[in-house]
>>> print(open('start-v7.pdb').read())   # PDB, C-alpha atoms
ATOM      1  CA  MET L 238     109.842  89.367  32.382
ATOM      2  CA  THR L 239     113.253  88.159  33.589
ATOM      3  CA  THR L 240     115.138  90.411  35.989
ATOM      4  CA  VAL L 241     118.904  90.447  35.535
ATOM      5  CA  GLY L 242     121.099  91.548  38.402
ATOM      6  CA  MET L 243     124.242  93.375  37.275
ATOM      7  CA  ILE L 244     127.017  93.464  39.876
ATOM      8  CA  GLY L 245     129.717  95.903  38.795
ATOM      9  CA  LEU L 246     128.815  98.976  36.748
ATOM     10  CA  GLY L 247     132.132  99.935  35.213
ATOM     11  CA  VAL L 248     132.402 100.757  31.525
ATOM     12  CA  MET L 249     131.570  97.179  30.536
ATOM     13  CA  GLY L 250     128.951  96.443  33.192
ATOM     14  CA  LEU L 251     126.986  99.648  32.638
ATOM     15  CA  ALA L 252     126.913  99.137  28.861
ATOM     16  CA  MET L 253     125.763  95.549  29.316
ATOM     17  CA  ALA L 254     122.999  96.668  31.684
ATOM     18  CA  GLN L 255     121.778  99.277  29.207
ATOM     19  CA  ASN L 256     121.738  96.781  26.340
ATOM     20  CA  LEU L 257     119.846  94.250  28.439
ATOM     21  CA  GLN L 258     117.213  96.873  29.141
ATOM     22  CA  GLN L 259     116.894  97.626  25.444
ATOM     23  CA  ALA L 260     116.542  93.892  24.806
ATOM     24  CA  GLY L 261     113.488  93.774  27.075
ATOM     25  CA  PHE L 262     114.938  92.595  30.385
ATOM     26  CA  ARG L 263     114.427  94.267  33.731
ATOM     27  CA  VAL L 264     117.777  95.248  35.235
ATOM     28  CA  CYS L 265     118.735  95.762  38.857
ATOM     29  CA  GLY L 266     122.343  96.801  39.345
ATOM     30  CA  TYR L 267     124.881  97.636  42.019
ATOM     31  CA  ASP L 268     128.374  99.092  42.209
ATOM     32  CA  ILE L 269     130.382 100.198  45.255
ATOM     33  CA  ASP L 270     130.934 103.545  43.487
ATOM     34  CA  PRO L 271     127.896 105.838  44.011
ATOM     35  CA  SER L 272     128.667 107.722  40.771
ATOM     36  CA  ARG L 273     128.263 104.489  38.771
ATOM     37  CA  ARG L 274     124.949 103.784  40.502
ATOM     38  CA  LYS L 275     123.768 107.256  39.506
ATOM     39  CA  LEU L 276     124.569 106.496  35.861
ATOM     40  CA  LEU L 277     122.447 103.344  36.035
ATOM     41  CA  LYS L 278     119.614 105.309  37.609
ATOM     42  CA  LYS L 279     119.785 107.814  34.728
ATOM     43  CA  ALA L 280     119.323 104.849  32.392
ATOM     44  CA  LYS L 281     116.041 104.202  34.261
ATOM     45  CA  ALA L 282     117.106 100.816  35.644
ATOM     46  CA  THR L 283     116.590  99.746  39.239
ATOM     47  CA  VAL L 284     119.539 100.525  41.493
ATOM     48  CA  GLY L 285     120.287  98.224  44.405
ATOM     49  CA  GLN L 286     122.041  99.433  47.521
ATOM     50  CA  SER L 287     123.979  96.196  48.053
ATOM     51  CA  VAL L 288     124.916  92.922  46.396
ATOM     52  CA  GLN L 289     122.354  91.203  48.592
ATOM     53  CA  GLU L 290     119.544  93.516  47.464
ATOM     54  CA  VAL L 291     120.356  92.855  43.811
ATOM     55  CA  ALA L 292     120.312  89.099  44.433
ATOM     56  CA  GLU L 293     116.933  89.310  46.150
ATOM     57  CA  ASN L 294     115.402  91.062  43.156
ATOM     58  CA  ALA L 295     117.077  89.135  40.318
ATOM     59  CA  ASP L 296     116.429  85.859  38.542
ATOM     60  CA  VAL L 297     119.974  85.668  37.131
ATOM     61  CA  LEU L 298     123.107  87.537  38.182
ATOM     62  CA  ILE L 299     125.958  88.875  36.044
ATOM     63  CA  SER L 300     129.241  90.113  37.507
ATOM     64  CA  SER L 301     131.703  92.448  35.787
ATOM     65  CA  LEU L 302     134.448  93.122  38.316
ATOM     66  CA  PRO L 303     137.937  94.644  38.353
ATOM     67  CA  SER L 304     139.764  92.234  40.649
ATOM     68  CA  THR L 305     139.879  88.860  42.357
ATOM     69  CA  GLU L 306     139.272  90.565  45.684
ATOM     70  CA  ALA L 307     136.034  92.039  44.349
ATOM     71  CA  LEU L 308     134.853  88.648  43.034
ATOM     72  CA  LEU L 309     135.555  86.867  46.315
ATOM     73  CA  LEU L 310     133.847  89.639  48.307
ATOM     74  CA  VAL L 311     130.773  89.432  46.050
ATOM     75  CA  SER L 312     130.748  85.638  46.338
ATOM     76  CA  ARG L 313     130.828  85.726  50.126
ATOM     77  CA  SER L 314     128.095  88.374  50.188
ATOM     78  CA  LEU L 315     125.885  86.185  47.997
ATOM     79  CA  VAL L 316     126.434  83.139  50.193
ATOM     80  CA  ALA L 317     125.621  85.139  53.323
ATOM     81  CA  SER L 318     122.272  86.209  51.884
ATOM     82  CA  ALA L 319     121.424  83.188  49.725
ATOM     83  CA  HIS L 320     117.723  82.420  49.708
ATOM     84  CA  LYS L 321     117.215  80.699  46.362
ATOM     85  CA  ARG L 322     119.053  78.719  43.731
ATOM     86  CA  MET L 323     120.687  81.140  41.313
ATOM     87  CA  THR L 324     123.116  81.323  38.417
ATOM     88  CA  LEU L 325     125.944  83.855  38.439
ATOM     89  CA  VAL L 326     127.390  84.670  35.010
ATOM     90  CA  GLU L 327     130.964  85.803  35.716
ATOM     91  CA  THR L 328     132.309  87.956  32.858
ATOM     92  CA  SER L 329     135.476  89.440  34.384
ATOM     93  CA  THR L 330     139.021  88.813  33.171
ATOM     94  CA  LEU L 331     140.608  87.091  36.164
ATOM     95  CA  PRO L 332     142.939  84.120  36.765
ATOM     96  CA  ILE L 333     141.197  80.772  36.329
ATOM     97  CA  GLN L 334     142.272  79.569  39.774
ATOM     98  CA  ASP L 335     140.588  82.607  41.341
ATOM     99  CA  LYS L 336     137.315  81.878  39.569
ATOM    100  CA  LEU L 337     137.585  78.280  40.796
ATOM    101  CA  MET L 338     137.968  79.648  44.330
ATOM    102  CA  ALA L 339     134.801  81.713  43.870
ATOM    103  CA  ARG L 340     132.975  78.629  42.602
ATOM    104  CA  ARG L 341     133.978  76.715  45.757
ATOM    105  CA  ILE L 342     132.647  79.550  47.909
ATOM    106  CA  LEU L 343     129.317  79.696  46.049
ATOM    107  CA  SER L 344     128.667  75.974  45.702
ATOM    108  CA  PRO L 345     127.318  75.270  49.235
ATOM    109  CA  ALA L 346     124.683  77.975  48.690
ATOM    110  CA  GLN L 347     123.563  76.250  45.455
ATOM    111  CA  ILE L 348     124.688  79.208  43.372
ATOM    112  CA  VAL L 349     125.947  77.970  39.998
ATOM    113  CA  LEU L 350     128.920  79.925  38.655
ATOM    114  CA  LEU L 351     129.447  80.187  34.908
ATOM    115  CA  ASP L 352     132.779  81.381  33.553
ATOM    116  CA  CYS L 353     131.809  83.692  30.672
ATOM    117  CA  PRO L 354     134.513  86.283  29.908
ATOM    118  CA  LEU L 355     134.007  88.737  27.069
ATOM    119  CA  SER L 356     135.979  89.712  24.005
ATOM    120  CA  GLY L 357     135.598  93.408  23.224
ATOM    121  CA  THR L 358     136.324  96.890  24.555
ATOM    122  CA  GLY L 359     134.118  99.252  26.522
ATOM    123  CA  SER L 360     133.131 101.108  23.364
ATOM    124  CA  GLN L 361     132.260  97.795  21.707
ATOM    125  CA  ALA L 362     130.144  96.893  24.730
ATOM    126  CA  GLN L 363     128.081 100.032  24.160
ATOM    127  CA  THR L 364     127.160  98.885  20.644
ATOM    128  CA  LYS L 365     126.606  95.248  21.716
ATOM    129  CA  ASP L 366     129.726  94.237  19.782
ATOM    130  CA  LEU L 367     130.885  91.681  22.350
ATOM    131  CA  VAL L 368     131.666  87.977  22.054
ATOM    132  CA  VAL L 369     130.959  85.665  25.003
ATOM    133  CA  TYR L 370     133.278  82.763  25.779
ATOM    134  CA  GLY L 371     131.019  80.610  27.962
ATOM    135  CA  SER L 372     132.037  77.642  30.092
ATOM    136  CA  GLY L 373     130.585  75.656  32.947
ATOM    137  CA  PRO L 374     127.536  73.410  33.389
ATOM    138  CA  LEU L 375     125.734  73.142  30.051
ATOM    139  CA  ALA L 376     122.239  73.117  31.547
ATOM    140  CA  ALA L 377     122.885  76.384  33.386
ATOM    141  CA  TYR L 378     124.457  77.913  30.285
ATOM    142  CA  LYS L 379     121.439  77.049  28.150
ATOM    143  CA  LYS L 380     119.139  78.782  30.641
ATOM    144  CA  VAL L 381     121.003  82.092  30.310
ATOM    145  CA  THR L 382     121.609  82.048  26.547
ATOM    146  CA  ALA L 383     118.853  84.587  25.861
ATOM    147  CA  ILE L 384     120.401  86.935  28.439
ATOM    148  CA  LEU L 385     123.836  86.603  26.834
ATOM    149  CA  GLU L 386     122.262  87.432  23.477
ATOM    150  CA  GLY L 387     120.838  90.574  25.079
ATOM    151  CA  PHE L 388     124.260  92.211  25.443
ATOM    152  CA  SER L 389     126.495  90.424  22.884
ATOM    153  CA  ARG L 390     126.562  89.698  19.161
ATOM    154  CA  LYS L 391     128.034  86.182  19.398
ATOM    155  CA  GLN L 392     128.254  83.457  22.004
ATOM    156  CA  PHE L 393     130.467  80.357  22.165
ATOM    157  CA  TYR L 394     130.008  77.482  24.611
ATOM    158  CA  LEU L 395     133.421  75.959  25.300
ATOM    159  CA  GLY L 396     132.684  73.156  27.743
ATOM    160  CA  ALA L 397     134.269  72.700  31.148
ATOM    161  CA  PHE L 398     134.445  75.593  33.616
ATOM    162  CA  GLY L 399     137.569  77.670  32.971
ATOM    163  CA  ASN L 400     137.742  77.037  29.241
ATOM    164  CA  GLY L 401     136.125  80.426  28.708
ATOM    165  CA  MET L 402     139.000  82.169  30.481
ATOM    166  CA  LYS L 403     141.555  80.101  28.582
ATOM    167  CA  LEU L 404     140.167  81.302  25.262
ATOM    168  CA  LYS L 405     139.777  84.858  26.554
ATOM    169  CA  LEU L 406     143.455  84.949  27.483
ATOM    170  CA  ILE L 407     144.431  83.651  24.050
ATOM    171  CA  ALA L 408     142.229  86.341  22.472
ATOM    172  CA  ASN L 409     143.857  89.061  24.591
ATOM    173  CA  TYR L 410     147.268  87.578  23.777
ATOM    174  CA  LEU L 411     146.509  88.310  20.126
ATOM    175  CA  VAL L 412     145.021  91.727  20.919
ATOM    176  CA  ALA L 413     148.271  92.703  22.638
ATOM    177  CA  ILE L 414     150.296  91.694  19.595
ATOM    178  CA  HIS L 415     147.939  93.142  16.965
ATOM    179  CA  ASN L 416     147.621  96.446  18.829
ATOM    180  CA  ALA L 417     151.403  96.779  19.028
ATOM    181  CA  ALA L 418     151.769  95.822  15.350
ATOM    182  CA  ALA L 419     149.186  98.431  14.309
ATOM    183  CA  ALA L 420     150.966 101.140  16.319
ATOM    184  CA  GLU L 421     154.352 100.205  14.875
ATOM    185  CA  ALA L 422     153.039 100.086  11.299
ATOM    186  CA  LEU L 423     151.404 103.512  11.603
ATOM    187  CA  VAL L 424     154.625 105.061  12.889
ATOM    188  CA  LEU L 425     156.437 103.483   9.932
ATOM    189  CA  ALA L 426     153.822 104.832   7.496
ATOM    190  CA  GLU L 427     154.181 108.333   8.945
ATOM    191  CA  LYS L 428     157.971 108.184   8.773
ATOM    192  CA  ALA L 429     157.643 107.066   5.152
ATOM    193  CA  GLY L 430     155.623 110.190   4.341
ATOM    194  CA  LEU L 431     152.315 108.467   3.563
ATOM    195  CA  ASN L 432     148.834 109.924   4.054
ATOM    196  CA  LEU L 433     147.674 108.140   7.196
ATOM    197  CA  ASP L 434     143.966 108.298   6.360
ATOM    198  CA  LEU L 435     144.701 106.525   3.090
ATOM    199  CA  VAL L 436     146.914 104.038   4.915
ATOM    200  CA  LEU L 437     144.061 103.232   7.308
ATOM    201  CA  ALA L 438     141.656 102.661   4.420
ATOM    202  CA  ALA L 439     144.037 100.701   2.198
ATOM    203  CA  ILE L 440     145.373  98.387   4.904
ATOM    204  CA  GLY L 441     141.858  98.020   6.280
ATOM    205  CA  ASP L 442     140.856  96.470   2.963
ATOM    206  CA  SER L 443     143.873  94.186   2.704
ATOM    207  CA  ALA L 444     145.270  90.971   4.137
ATOM    208  CA  GLY L 445     147.229  93.096   6.625
ATOM    209  CA  GLN L 446     144.214  94.390   8.498
ATOM    210  CA  SER L 447     143.137  93.264  11.982
ATOM    211  CA  ARG L 448     140.394  94.103  14.437
ATOM    212  CA  MET L 449     142.843  96.288  16.345
ATOM    213  CA  TRP L 450     143.684  98.107  13.114
ATOM    214  CA  GLN L 451     139.978  98.821  12.674
ATOM    215  CA  VAL L 452     139.191  99.754  16.283
ATOM    216  CA  ARG L 453     142.361 101.477  17.461
ATOM    217  CA  GLY L 454     144.097 102.491  14.237
ATOM    218  CA  PRO L 455     141.929 105.597  13.695
ATOM    219  CA  ARG L 456     142.361 106.593  17.328
ATOM    220  CA  MET L 457     146.136 106.332  17.009
ATOM    221  CA  VAL L 458     146.142 108.524  13.898
ATOM    222  CA  ALA L 459     143.982 111.064  15.737
ATOM    223  CA  ALA L 460     146.242 110.852  18.818
ATOM    224  CA  ASP L 461     143.151 109.942  20.840
ATOM    225  CA  TYR L 462     144.375 107.778  23.693
ATOM    226  CA  SER L 463     141.309 108.163  25.912
ATOM    227  CA  PRO L 464     140.675 104.830  27.601
ATOM    228  CA  MET L 465     138.646 102.076  26.020
ATOM    229  CA  MET L 466     140.829  99.809  28.154
ATOM    230  CA  SER L 467     143.022 101.718  30.581
ATOM    231  CA  MET L 468     146.638 100.746  30.938
ATOM    232  CA  HIS L 469     145.974 100.053  34.632
ATOM    233  CA  LEU L 470     143.575  97.250  33.661
ATOM    234  CA  TRP L 471     145.655  96.207  30.655
ATOM    235  CA  GLN L 472     148.727  95.671  32.831
ATOM    236  CA  LYS L 473     146.624  93.399  35.042
ATOM    237  CA  ASP L 474     145.582  91.413  31.965
ATOM    238  CA  MET L 475     149.165  91.196  30.711
ATOM    239  CA  GLY L 476     150.214  89.651  34.004
ATOM    240  CA  ILE L 477     147.407  87.077  33.905
ATOM    241  CA  ILE L 478     148.262  86.149  30.312
ATOM    242  CA  SER L 479     151.951  85.765  31.165
ATOM    243  CA  GLN L 480     151.098  83.413  34.037
ATOM    244  CA  PHE L 481     148.845  81.404  31.703
ATOM    245  CA  VAL L 482     151.576  81.139  29.049
ATOM    246  CA  ALA L 483     154.161  80.075  31.613
ATOM    247  CA  ALA L 484     151.849  77.415  33.073
ATOM    248  CA  ALA L 485     151.157  76.056  29.578
ATOM    249  CA  GLY L 486     154.858  75.977  28.736
ATOM    250  CA  ALA L 487     154.314  77.688  25.373
ATOM    251  CA  PRO L 488     156.904  79.917  23.653
ATOM    252  CA  SER L 489     155.874  83.591  23.468
ATOM    253  CA  PRO L 490     158.681  85.744  22.002
ATOM    254  CA  VAL L 491     156.361  88.083  20.045
ATOM    255  CA  PHE L 492     154.010  88.571  22.999
ATOM    256  CA  ASP L 493     156.951  89.171  25.337
ATOM    257  CA  GLN L 494     158.233  92.028  23.186
ATOM    258  CA  ALA L 495     154.746  93.546  22.914
ATOM    259  CA  ARG L 496     154.327  93.310  26.664
ATOM    260  CA  ALA L 497     157.612  95.128  27.133
ATOM    261  CA  LEU L 498     156.211  98.073  25.147
ATOM    262  CA  TYR L 499     153.110  98.241  27.361
ATOM    263  CA  SER L 500     155.312  98.082  30.468
ATOM    264  CA  MET L 501     157.419 100.973  29.198
ATOM    265  CA  ALA L 502     154.336 103.093  28.436
ATOM    266  CA  TYR L 503     152.912 102.313  31.854
ATOM    267  CA  GLN L 504     156.163 103.228  33.581
ATOM    268  CA  ASP L 505     156.163 106.498  31.618
ATOM    269  CA  GLY L 506     152.970 107.511  33.434
ATOM    270  CA  HIS L 507     150.266 106.531  30.949
ATOM    271  CA  GLY L 508     148.255 104.347  33.339
ATOM    272  CA  ASP L 509     145.018 106.281  32.804
ATOM    273  CA  ARG L 510     145.271 106.170  28.999
ATOM    274  CA  ASP L 511     144.212 103.498  26.543
ATOM    275  CA  SER L 512     146.526 100.636  25.614
ATOM    276  CA  SER L 513     146.839 102.290  22.187
ATOM    277  CA  VAL L 514     149.125 104.816  23.892
ATOM    278  CA  ILE L 515     152.061 102.616  22.882
ATOM    279  CA  HIS L 516     151.661 104.398  19.531
ATOM    280  CA  LEU L 517     152.712 107.608  21.288
ATOM    281  CA  LEU L 518     155.598 105.755  22.895
ATOM    282  CA  LEU L 519     156.784 104.426  19.529
ATOM    283  CA  LYS L 520     156.544 107.899  17.984
ATOM    284  CA  SER L 521     158.766 109.253  20.748
ATOM    285  CA  MET L 522     161.215 106.391  20.179
ATOM    286  CA  SER L 523     161.264 107.114  16.439
ATOM    287  CA  ALA L 524     162.455 110.652  17.172
ATOM    288  CA  GLN L 525     165.455 109.328  19.087
ATOM    289  CA  PRO L 526     168.698 107.835  17.784
ATOM    290  CA  ALA L 527     168.752 104.095  17.174
ATOM    291  CA  ALA L 528     170.543 103.645  20.460
ATOM    292  CA  GLY L 529     167.715 105.366  22.340
ATOM    293  CA  LYS L 530     165.275 103.652  24.649
ATOM    294  CA  SER L 531     165.651  99.895  24.993
ATOM    295  CA  LEU L 532     162.756  97.679  25.932
ATOM    296  CA  PRO L 533     162.571  96.516  29.551
ATOM    297  CA  CYS L 534     162.506  92.804  30.248
ATOM    298  CA  PRO L 535     158.958  91.653  31.188
ATOM    299  CA  ASP L 536     158.531  90.195  34.665
ATOM    300  CA  GLY L 537     159.803  86.651  34.993
ATOM    301  CA  LEU L 538     162.094  86.726  31.922
ATOM    302  CA  VAL L 539     165.855  86.826  32.005
ATOM    303  CA  ASP L 540     167.727  89.230  29.745
ATOM    304  CA  SER L 541     168.742  86.489  27.321
ATOM    305  CA  LYS L 542     165.071  85.858  26.486
ATOM    306  CA  CYS L 543     164.037  89.498  25.990
TER     307      CYS L 543
END
>>> encode(input="start-v7.pdb", output="structure tokens")
Amino acid sequence: MTTVGMIGLGVMGLAMAQNLQQAGFRVCGYDIDPSRRKLLKKAKATVGQSVQEVAENADVLISSLPSTEALLLVSRSLVASAHKRMTLVETSTLPIQDKLMARRILSPAQIVLLDCPLSGTGSQAQTKDLVVYGSGPLAAYKKVTAILEGFSRKQFYLGAFGNGMKLKLIANYLVAIHNAAAAEALVLAEKAGLNLDLVLAAIGDSAGQSRMWQVRGPRMVAADYSPMMSMHLWQKDMGIISQFVAAAGAPSPVFDQARALYSMAYQDGHGDRDSSVIHLLLKSMSAQPAAGKSLPCPDGLVDSKC
């Protein structure tokens, strides 16, 4: 039986570990937060006390981490304790150049890094409703395909290392826009005096529906802004996407306006809430005169482009 080492037991990592167990894999996991390790122990998986201990007990490693600093720290810890050739499946949403830096750190220790970010929220991770965007050496990818299938419903191999993150950023680019569009449309429907439950059902069965309409629309109607993806993390993602767009030289007027809404909600103190909280922001704006709140200019844009 293959043992999978899970490094990072946040909402995504813990759900992935639990699904891997249900798929028949042994799981050994670690997180710097003792409360997250306790949750893994309750799931009857093996809990490591360090990154090194997880690596010693695992055949394949998966990382689900919140920051570049965490990835580089994990990479250096693995190199310091390397005792066998391993593959690390890196699923975090981080800048491509930072994952390349981690790959350079790991390479001398013969640890192969795969760039495999995920499309899906924490609640989707719990039901195995994730899509993997895999990239890196094909031979290494093929060896971990069964593991990827253990926590996701669909997997795509995209070729060269970093292509996974490129597609992930494009996917999140669309999520940002679709989420904002869903929030705006629901505020319009409410202002128009429509039954919102019927609106959810009717639009959900029309050409106007989207995945964000399905996943976050009902939560917006219920005013449930508990975090599937906290605004703290979402703001990080928005920054990474903006850097990616700028480097590519692509126009992004719709995304820029959506990002401005998220920035406003974040500045209003909603960092611990879900990104769907822009629905609440739009409702508050709808109660103000037309000359009420104006959107802030996203970082790096001049006023003329807002």
>>> atom_distance(input="start-v7.pdb", atom1="atom CA of L:Val264", atom2="atom CA of L:Leu310")
21.5 Å
>>> resolve_selection(input="start-v7.pdb", expression="the PyMOL selection byres ((chain L and resi 360) around 12)", output="list of chain:residue names")
L:Gly247, L:Val248, L:Met249, L:Gly250, L:Leu251, L:Ala252, L:Met253, L:Ser356, L:Gly357, L:Thr358, L:Gly359, L:Gln361, L:Ala362, L:Gln363, L:Thr364, L:Lys365, L:Asp366, L:Leu367, L:Val452, L:Arg453, L:Ser463, L:Pro464, L:Met465, L:Met466, L:Asp511
>>> write_last_selection(input="start-v7.pdb", atoms="C-alpha atoms", output="PDB file, in the frame of the given file")
ATOM      1  CA  GLY L 247     132.132  99.935  35.213  1.00  0.00           C
ATOM      2  CA  VAL L 248     132.402 100.757  31.525  1.00  0.00           C
ATOM      3  CA  MET L 249     131.570  97.179  30.536  1.00  0.00           C
ATOM      4  CA  GLY L 250     128.951  96.443  33.192  1.00  0.00           C
ATOM      5  CA  LEU L 251     126.986  99.648  32.638  1.00  0.00           C
ATOM      6  CA  ALA L 252     126.913  99.137  28.861  1.00  0.00           C
ATOM      7  CA  MET L 253     125.763  95.549  29.316  1.00  0.00           C
ATOM      8  CA  SER L 356     135.979  89.712  24.005  1.00  0.00           C
ATOM      9  CA  GLY L 357     135.598  93.408  23.224  1.00  0.00           C
ATOM     10  CA  THR L 358     136.324  96.890  24.555  1.00  0.00           C
ATOM     11  CA  GLY L 359     134.118  99.252  26.522  1.00  0.00           C
ATOM     12  CA  GLN L 361     132.260  97.795  21.707  1.00  0.00           C
ATOM     13  CA  ALA L 362     130.144  96.893  24.730  1.00  0.00           C
ATOM     14  CA  GLN L 363     128.081 100.032  24.160  1.00  0.00           C
ATOM     15  CA  THR L 364     127.160  98.885  20.644  1.00  0.00           C
ATOM     16  CA  LYS L 365     126.606  95.248  21.716  1.00  0.00           C
ATOM     17  CA  ASP L 366     129.726  94.237  19.782  1.00  0.00           C
ATOM     18  CA  LEU L 367     130.885  91.681  22.350  1.00  0.00           C
ATOM     19  CA  VAL L 452     139.191  99.754  16.283  1.00  0.00           C
ATOM     20  CA  ARG L 453     142.361 101.477  17.461  1.00  0.00           C
ATOM     21  CA  SER L 463     141.309 108.163  25.912  1.00  0.00           C
ATOM     22  CA  PRO L 464     140.675 104.830  27.601  1.00  0.00           C
ATOM     23  CA  MET L 465     138.646 102.076  26.020  1.00  0.00           C
ATOM     24  CA  MET L 466     140.829  99.809  28.154  1.00  0.00           C
ATOM     25  CA  ASP L 511     144.212 103.498  26.543  1.00  0.00           C
TER      26      ASP L 511
END
>>> resolve_selection(input="start-v7.pdb", expression="the PyMOL selection byres ((chain L and resi 282-285) around 8)", output="count of residues only")
17
>>> atom_distance(input="start-v7.pdb", atom1="atom CA of L:Thr240", atom2="atom CA of L:Ser304")
25.1 Å
>>> resolve_selection(input="start-v7.pdb", expression="the PyMOL selection byres ((chain L and resi 459) around 12)", output="short mmCIF file (atom, residue, chain, number, x, y, z; two decimals) with C-alpha atoms, keeping the file's coordinate frame")
data_model
loop_
_atom_site.label_atom_id
_atom_site.label_comp_id
_atom_site.auth_asym_id
_atom_site.auth_seq_id
_atom_site.Cartn_x
_atom_site.Cartn_y
_atom_site.Cartn_z
CA LEU L 423 151.40 103.51 11.60
CA LEU L 433 147.67 108.14 7.20
CA ASP L 434 143.97 108.30 6.36
CA LEU L 437 144.06 103.23 7.31
CA ARG L 453 142.36 101.48 17.46
CA GLY L 454 144.10 102.49 14.24
CA PRO L 455 141.93 105.60 13.70
CA ARG L 456 142.36 106.59 17.33
CA MET L 457 146.14 106.33 17.01
CA VAL L 458 146.14 108.52 13.90
CA ALA L 460 146.24 110.85 18.82
CA ASP L 461 143.15 109.94 20.84
CA TYR L 462 144.38 107.78 23.69
CA SER L 463 141.31 108.16 25.91
CA SER L 513 146.84 102.29 22.19
CA VAL L 514 149.12 104.82 23.89
CA HIS L 516 151.66 104.40 19.53
CA LEU L 517 152.71 107.61 21.29
#
>>> residues_around(input="start-v7.pdb", residues="stretch 377-388 of chain L", least_positions_apart="6", cutoff="12 Å", atoms="only C-alpha atoms", output="ChimeraX atom specification")
/L:238-243,249-264,296-299,322-328,348-355,357,361-371,394-398
>>> residues_around(input="start-v7.pdb", residues="L:Ala439", least_positions_apart="6", cutoff="12 Å", atoms="all atoms listed in the file", output="JSON, numbers by chain")
{"L": [426, 431, 432, 433, 445, 446, 450, 451]}
>>> atom_distance(input="start-v7.pdb", atom1="atom CA of L:Ser479", atom2="atom CA of L:Leu406")
9.3 Å
>>> closest_residue(input="start-v7.pdb", among="L:Ile333, L:Met468, L:Ala295, L:Leu519", to="L:Ala413", atoms="only C-alpha atoms")
L:Met468
>>> residues_near_point(input="start-v7.pdb", point="(141.7, 92.7, 29.7)", cutoff="6 Å", atoms="all atoms listed in the file", output="VMD selection string")
chain L and resid 330 471 474
>>> closest_residue(input="start-v7.pdb", among="L:Leu375, L:Ala307, L:Ile440, L:Ile414", to="L:Phe393", atoms="only C-alpha atoms")
L:Leu375
>>> closest_residue(input="start-v7.pdb", among="L:Ala483, L:Leu331, L:Met475, L:Ala376", to="L:Met402", atoms="all atoms listed in the file")
L:Leu331
>>> residues_around(input="start-v7.pdb", residues="L:Ile342", least_positions_apart="2", cutoff="9 Å", atoms="all atoms listed in the file", output="list in words")
Leu309, Ser312, Arg313, Val316, Leu337, Met338, Ala339, Arg340, Ser344, Pro345 and Ala346 of chain L
>>> residues_around(input="start-v7.pdb", residues="L:Gly245", least_positions_apart="6", cutoff="7 Å", atoms="all atoms listed in the file", output="list of chain:residue names")
L:Tyr267, L:Asp268, L:Ser300, L:Ser301, L:Leu302
>>> closest_residue(input="start-v7.pdb", among="L:Met501, L:Ala444, L:Ala429, L:Ile478", to="L:Val412", atoms="only C-alpha atoms")
L:Ile478
>>> decode(input="start-v7.pdb", residues="stretch 483-495 of chain L", atoms="N, CA and C atoms", output="PDB file, in the first residue's frame")
ATOM      1  N   ALA L 483      -0.022  41.058 -16.204  1.00  0.00           N
ATOM      2  CA  ALA L 483       0.901  42.126 -16.605  1.00  0.00           C
ATOM      3  C   ALA L 483       2.100  41.568 -17.370  1.00  0.00           C
ATOM      4  N   ALA L 484       2.627  40.429 -16.890  1.00  0.00           N
ATOM      5  CA  ALA L 484       3.783  39.815 -17.559  1.00  0.00           C
ATOM      6  C   ALA L 484       3.416  39.328 -18.956  1.00  0.00           C
ATOM      7  N   ALA L 485       2.173  38.857 -19.118  1.00  0.00           N
ATOM      8  CA  ALA L 485       1.716  38.368 -20.418  1.00  0.00           C
ATOM      9  C   ALA L 485       1.364  39.504 -21.369  1.00  0.00           C
ATOM     10  N   GLY L 486       1.127  40.695 -20.822  1.00  0.00           N
ATOM     11  CA  GLY L 486       0.760  41.830 -21.650  1.00  0.00           C
ATOM     12  C   GLY L 486      -0.645  41.741 -22.215  1.00  0.00           C
ATOM     13  N   ALA L 487      -1.541  41.081 -21.469  1.00  0.00           N
ATOM     14  CA  ALA L 487      -2.927  40.904 -21.946  1.00  0.00           C
ATOM     15  C   ALA L 487      -3.832  41.977 -21.350  1.00  0.00           C
ATOM     16  N   PRO L 488      -4.840  42.435 -22.105  1.00  0.00           N
ATOM     17  CA  PRO L 488      -5.805  43.390 -21.539  1.00  0.00           C
ATOM     18  C   PRO L 488      -6.705  42.686 -20.530  1.00  0.00           C
ATOM     19  N   SER L 489      -7.114  43.409 -19.467  1.00  0.00           N
ATOM     20  CA  SER L 489      -7.927  42.773 -18.423  1.00  0.00           C
ATOM     21  C   SER L 489      -8.916  43.737 -17.789  1.00  0.00           C
ATOM     22  N   PRO L 490      -9.675  44.503 -18.577  1.00  0.00           N
ATOM     23  CA  PRO L 490     -10.571  45.508 -17.984  1.00  0.00           C
ATOM     24  C   PRO L 490     -11.658  44.923 -17.091  1.00  0.00           C
ATOM     25  N   VAL L 491     -12.232  43.765 -17.474  1.00  0.00           N
ATOM     26  CA  VAL L 491     -13.301  43.165 -16.666  1.00  0.00           C
ATOM     27  C   VAL L 491     -12.721  42.638 -15.355  1.00  0.00           C
ATOM     28  N   PHE L 492     -11.595  41.947 -15.432  1.00  0.00           N
ATOM     29  CA  PHE L 492     -10.943  41.441 -14.225  1.00  0.00           C
ATOM     30  C   PHE L 492     -10.547  42.593 -13.304  1.00  0.00           C
ATOM     31  N   ASP L 493     -10.031  43.675 -13.877  1.00  0.00           N
ATOM     32  CA  ASP L 493      -9.592  44.797 -13.045  1.00  0.00           C
ATOM     33  C   ASP L 493     -10.740  45.385 -12.232  1.00  0.00           C
ATOM     34  N   GLN L 494     -11.919  45.480 -12.830  1.00  0.00           N
ATOM     35  CA  GLN L 494     -13.070  46.001 -12.102  1.00  0.00           C
ATOM     36  C   GLN L 494     -13.532  45.019 -11.022  1.00  0.00           C
ATOM     37  N   ALA L 495     -13.495  43.722 -11.336  1.00  0.00           N
ATOM     38  CA  ALA L 495     -13.855  42.719 -10.328  1.00  0.00           C
ATOM     39  C   ALA L 495     -12.873  42.773  -9.166  1.00  0.00           C
TER      40      ALA L 495
END
